[in-house]
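Engineer: Quick one, entry-v1.cif (mmCIF, N, CA and C atoms):
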```
data_work
#
loop_
_atom_site.label_atom_id
_atom_site.label_comp_id
_atom_site.auth_asym_id
_atom_site.auth_seq_id
_atom_site.Cartn_x
_atom_site.Cartn_y
_atom_site.Cartn_z
N MET V 132 42.54 218.40 158.79
CA MET V 132 42.53 219.51 159.72
C MET V 132 43.81 220.32 159.48
N GLY V 133 43.66 221.62 159.32
CA GLY V 133 44.79 222.50 159.06
C GLY V 133 45.40 223.05 160.34
N PHE V 134 46.46 223.84 160.15
CA PHE V 134 47.19 224.42 161.28
C PHE V 134 46.28 225.19 162.22
N SER V 135 45.41 226.04 161.65
CA SER V 135 44.57 226.90 162.50
C SER V 135 43.68 226.07 163.42
N GLU V 136 43.08 225.02 162.89
CA GLU V 136 42.22 224.17 163.73
C GLU V 136 43.03 223.44 164.80
N LYS V 137 44.21 222.98 164.41
CA LYS V 137 45.05 222.23 165.35
C LYS V 137 45.57 223.11 166.48
N ILE V 138 46.02 224.33 166.15
CA ILE V 138 46.57 225.21 167.19
C ILE V 138 45.44 225.71 168.09
N GLN V 139 44.26 225.96 167.51
CA GLN V 139 43.11 226.35 168.34
C GLN V 139 42.76 225.24 169.33
N LYS V 140 42.74 224.01 168.85
CA LYS V 140 42.44 222.88 169.72
C LYS V 140 43.49 222.74 170.81
N PHE V 141 44.76 222.93 170.44
CA PHE V 141 45.85 222.84 171.42
C PHE V 141 45.63 223.85 172.55
N PHE V 142 45.37 225.10 172.19
CA PHE V 142 45.15 226.13 173.21
C PHE V 142 43.85 225.89 173.99
N ASN V 143 42.80 225.46 173.29
CA ASN V 143 41.53 225.17 173.97
C ASN V 143 41.68 224.03 174.97
N ASP V 144 42.44 223.00 174.59
CA ASP V 144 42.67 221.87 175.50
C ASP V 144 43.39 222.31 176.77
N LYS V 145 44.14 223.39 176.68
CA LYS V 145 44.85 223.95 177.84
C LYS V 145 44.01 225.03 178.54
N ASN V 146 42.79 225.23 178.05
CA ASN V 146 41.89 226.27 178.58
C ASN V 146 42.53 227.65 178.53
N LEU V 147 43.21 227.94 177.42
CA LEU V 147 43.87 229.23 177.23
C LEU V 147 43.10 230.08 176.23
N THR V 148 42.84 231.32 176.59
CA THR V 148 42.24 232.28 175.66
C THR V 148 43.36 232.95 174.87
N ASN V 149 42.98 233.70 173.84
CA ASN V 149 43.99 234.46 173.09
C ASN V 149 44.73 235.42 174.01
N ARG V 150 44.02 236.00 174.96
CA ARG V 150 44.65 236.91 175.92
C ARG V 150 45.70 236.16 176.76
N ASP V 151 45.35 234.97 177.23
CA ASP V 151 46.29 234.17 178.01
C ASP V 151 47.54 233.86 177.19
N VAL V 152 47.33 233.44 175.96
CA VAL V 152 48.45 233.09 175.09
C VAL V 152 49.32 234.31 174.82
N SER V 153 48.72 235.46 174.60
CA SER V 153 49.50 236.67 174.33
C SER V 153 50.33 237.07 175.55
N LYS V 154 49.83 236.80 176.75
CA LYS V 154 50.61 237.09 177.96
C LYS V 154 51.79 236.13 178.11
N ILE V 155 51.60 234.90 177.68
CA ILE V 155 52.66 233.89 177.77
C ILE V 155 53.73 234.11 176.71
N MET V 156 53.30 234.40 175.49
CA MET V 156 54.23 234.53 174.36
C MET V 156 54.65 235.99 174.20
N GLU V 157 55.87 236.28 174.56
CA GLU V 157 56.39 237.65 174.49
C GLU V 157 56.34 238.19 173.06
N GLY V 158 55.89 239.41 172.93
CA GLY V 158 55.91 240.09 171.64
C GLY V 158 54.69 239.86 170.78
N TYR V 159 53.70 239.12 171.28
CA TYR V 159 52.49 238.87 170.51
C TYR V 159 51.28 239.44 171.23
N SER V 160 50.60 240.35 170.56
CA SER V 160 49.37 240.92 171.13
C SER V 160 48.24 239.91 170.96
N GLU V 161 47.16 240.18 171.64
CA GLU V 161 45.98 239.33 171.54
C GLU V 161 45.48 239.26 170.09
N SER V 162 45.51 240.39 169.40
CA SER V 162 45.04 240.40 168.00
C SER V 162 45.99 239.63 167.08
N MET V 163 47.27 239.67 167.38
CA MET V 163 48.23 238.89 166.57
C MET V 163 48.01 237.40 166.78
N ILE V 164 47.77 237.00 168.02
CA ILE V 164 47.50 235.60 168.32
C ILE V 164 46.26 235.16 167.53
N SER V 165 45.23 235.98 167.57
CA SER V 165 43.99 235.68 166.84
C SER V 165 44.27 235.51 165.35
N LYS V 166 45.09 236.39 164.79
CA LYS V 166 45.44 236.33 163.37
C LYS V 166 46.11 235.00 163.04
N TYR V 167 47.06 234.58 163.88
CA TYR V 167 47.80 233.35 163.60
C TYR V 167 46.94 232.11 163.79
N ILE V 168 46.08 232.09 164.78
CA ILE V 168 45.31 230.86 165.01
C ILE V 168 44.06 230.78 164.14
N ASN V 169 43.80 231.81 163.37
CA ASN V 169 42.67 231.77 162.45
C ASN V 169 43.11 231.72 160.99
N SER V 170 44.37 231.38 160.78
CA SER V 170 44.90 231.31 159.43
C SER V 170 45.81 230.09 159.30
N ASP V 171 45.85 229.52 158.12
CA ASP V 171 46.76 228.40 157.87
C ASP V 171 48.10 228.89 157.32
N ASN V 172 48.30 230.20 157.21
CA ASN V 172 49.59 230.76 156.83
C ASN V 172 50.48 230.75 158.07
N ILE V 173 51.49 229.91 158.04
CA ILE V 173 52.30 229.68 159.22
C ILE V 173 53.57 230.54 159.17
N SER V 174 53.82 231.27 160.23
CA SER V 174 55.05 232.04 160.38
C SER V 174 56.05 231.20 161.15
N ILE V 175 57.25 231.09 160.64
CA ILE V 175 58.29 230.31 161.33
C ILE V 175 58.59 230.92 162.69
N THR V 176 58.52 232.23 162.79
CA THR V 176 58.76 232.90 164.06
C THR V 176 57.69 232.51 165.08
N PHE V 177 56.43 232.44 164.64
CA PHE V 177 55.35 232.04 165.53
C PHE V 177 55.54 230.60 165.98
N ILE V 178 55.91 229.72 165.06
CA ILE V 178 56.15 228.31 165.41
C ILE V 178 57.30 228.21 166.42
N GLU V 179 58.35 228.99 166.22
CA GLU V 179 59.48 228.98 167.17
C GLU V 179 59.03 229.42 168.56
N LYS V 180 58.17 230.43 168.62
CA LYS V 180 57.64 230.90 169.91
C LYS V 180 56.74 229.84 170.55
N VAL V 181 55.93 229.17 169.75
CA VAL V 181 55.09 228.10 170.29
C VAL V 181 55.99 227.03 170.89
N ALA V 182 57.06 226.65 170.19
CA ALA V 182 57.99 225.63 170.69
C ALA V 182 58.67 226.10 171.97
N LYS V 183 59.01 227.37 172.05
CA LYS V 183 59.70 227.91 173.22
C LYS V 183 58.78 227.94 174.44
N TYR V 184 57.58 228.45 174.27
CA TYR V 184 56.68 228.66 175.41
C TYR V 184 55.75 227.48 175.70
N PHE V 185 55.64 226.58 174.73
CA PHE V 185 54.80 225.40 174.91
C PHE V 185 55.59 224.16 174.46
N PRO V 186 56.58 223.75 175.25
CA PRO V 186 57.44 222.64 174.83
C PRO V 186 56.69 221.31 174.66
N ASP V 187 55.48 221.22 175.18
CA ASP V 187 54.69 220.00 175.02
C ASP V 187 53.92 219.98 173.69
N ALA V 188 54.00 221.04 172.92
CA ALA V 188 53.31 221.09 171.62
C ALA V 188 54.02 220.17 170.63
N ASP V 189 53.25 219.37 169.93
CA ASP V 189 53.79 218.48 168.89
C ASP V 189 53.82 219.26 167.58
N LEU V 190 54.98 219.82 167.28
CA LEU V 190 55.10 220.68 166.10
C LEU V 190 54.86 219.92 164.81
N ASN V 191 55.29 218.66 164.75
CA ASN V 191 55.03 217.87 163.54
C ASN V 191 53.54 217.77 163.29
N TYR V 192 52.78 217.51 164.32
CA TYR V 192 51.34 217.41 164.18
C TYR V 192 50.73 218.75 163.76
N LEU V 193 51.21 219.83 164.38
CA LEU V 193 50.63 221.15 164.10
C LEU V 193 50.87 221.62 162.68
N ILE V 194 52.06 221.38 162.14
CA ILE V 194 52.39 221.98 160.84
C ILE V 194 52.20 221.06 159.65
N LYS V 195 52.13 219.76 159.88
CA LYS V 195 51.96 218.85 158.75
C LYS V 195 50.48 218.63 158.47
N ASP V 196 50.20 218.43 157.19
CA ASP V 196 48.84 218.05 156.82
C ASP V 196 48.58 216.67 157.39
N ASP V 197 47.31 216.34 157.54
CA ASP V 197 46.96 215.01 158.03
C ASP V 197 47.58 213.96 157.13
N LEU V 198 48.14 212.96 157.76
CA LEU V 198 48.78 211.88 157.03
C LEU V 198 47.77 210.79 156.71
N PRO V 199 47.98 210.10 155.60
CA PRO V 199 47.07 209.00 155.29
C PRO V 199 47.25 207.88 156.31
N PRO V 200 46.26 207.03 156.45
CA PRO V 200 46.40 205.93 157.41
C PRO V 200 47.58 205.03 157.05
N VAL V 201 48.20 204.49 158.04
CA VAL V 201 49.34 203.59 157.84
C VAL V 201 48.79 202.21 157.48
N VAL V 202 49.40 201.62 156.47
CA VAL V 202 49.01 200.27 156.07
C VAL V 202 49.93 199.31 156.78
N GLU V 203 49.35 198.40 157.50
CA GLU V 203 50.15 197.40 158.20
C GLU V 203 50.13 196.12 157.38
N ASP V 204 51.27 195.76 156.87
CA ASP V 204 51.40 194.55 156.07
C ASP V 204 52.49 193.71 156.70
N PHE V 205 52.12 192.58 157.23
CA PHE V 205 53.07 191.77 157.98
C PHE V 205 53.59 190.58 157.19
N ARG V 206 53.47 190.64 155.87
CA ARG V 206 53.99 189.54 155.06
C ARG V 206 55.50 189.43 155.26
N GLU V 207 55.99 188.23 155.17
CA GLU V 207 57.39 187.92 155.43
C GLU V 207 58.35 188.76 154.58
N GLU V 208 58.04 188.97 153.28
CA GLU V 208 58.98 189.70 152.43
C GLU V 208 59.19 191.13 152.87
N TYR V 209 58.27 191.69 153.61
CA TYR V 209 58.41 193.05 154.08
C TYR V 209 59.20 193.14 155.38
N ARG V 210 59.32 192.03 156.08
CA ARG V 210 60.07 192.03 157.34
C ARG V 210 61.55 191.72 157.12
N LYS V 211 61.92 191.24 155.96
CA LYS V 211 63.30 190.89 155.69
C LYS V 211 64.11 192.15 155.47
N GLY V 212 65.36 192.12 155.90
CA GLY V 212 66.27 193.24 155.64
C GLY V 212 66.78 193.20 154.23
N ASN V 213 67.65 194.14 153.88
CA ASN V 213 68.19 194.21 152.52
C ASN V 213 69.04 193.05 152.21
#
```
Rewrite the structure from the file as structure tokens, please.

Structural biologist:
Amino acid sequence: MGFSEKIQKFFNDKNLTNRDVSKIMEGYSESMISKYINSDNISITFIEKVAKYFPDADLNYLIKDDLPPVVEDFREEYRKGN
């Protein structure tokens, strides 16, 4: 899942329309919000505004590609320190 899908889901989970988001985020029109949430081209300025106005947003999740599953290996040699 890319940035656009993740940010759309984030706003949808908050029941926010593009109009609502544009009212919350200063300097962004409804059409600009639409442009950003429908593209995987990420603007650092937009990410900074998301962080400012939505402090509960997990920026690592939003901007990073999906990570592979974590392998849990509990063998003794992996638990030992250096």

Engineer: Quick check on the file I pasted: which residues fall under the PyMOL selection byres ((chain V and resi 138-151) around 8)? Write them as a count of residues only.

Structural biologist: 22

Engineer: Just the number, please: distance in Å from CA of Glu157 (chain V) to CA of Glu179 (chain V), one decimal.

Structural biologist: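 One can read the CA of Glu157 (chain V) to CA of Glu179 (chain V) distance as 11.8 Å.
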
Engineer: What is the distance, in Å and to one decimal place, between atom N of Tyr159 (chain V) and CA of Phe177 (chain V)?

Structural biologist: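 According to the coordinates, atom N of Tyr159 (chain V) and CA of Phe177 (chain V) are separated by 9.3 Å.
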
Engineer: Compare V:Met132, V:Ile173, V:Ala182, V:Met163 by their minimum atom-to-atom distance to Asp196 (chain V), counting only C-alpha atoms, and give me the closest one.

Structural biologist: V:Met132
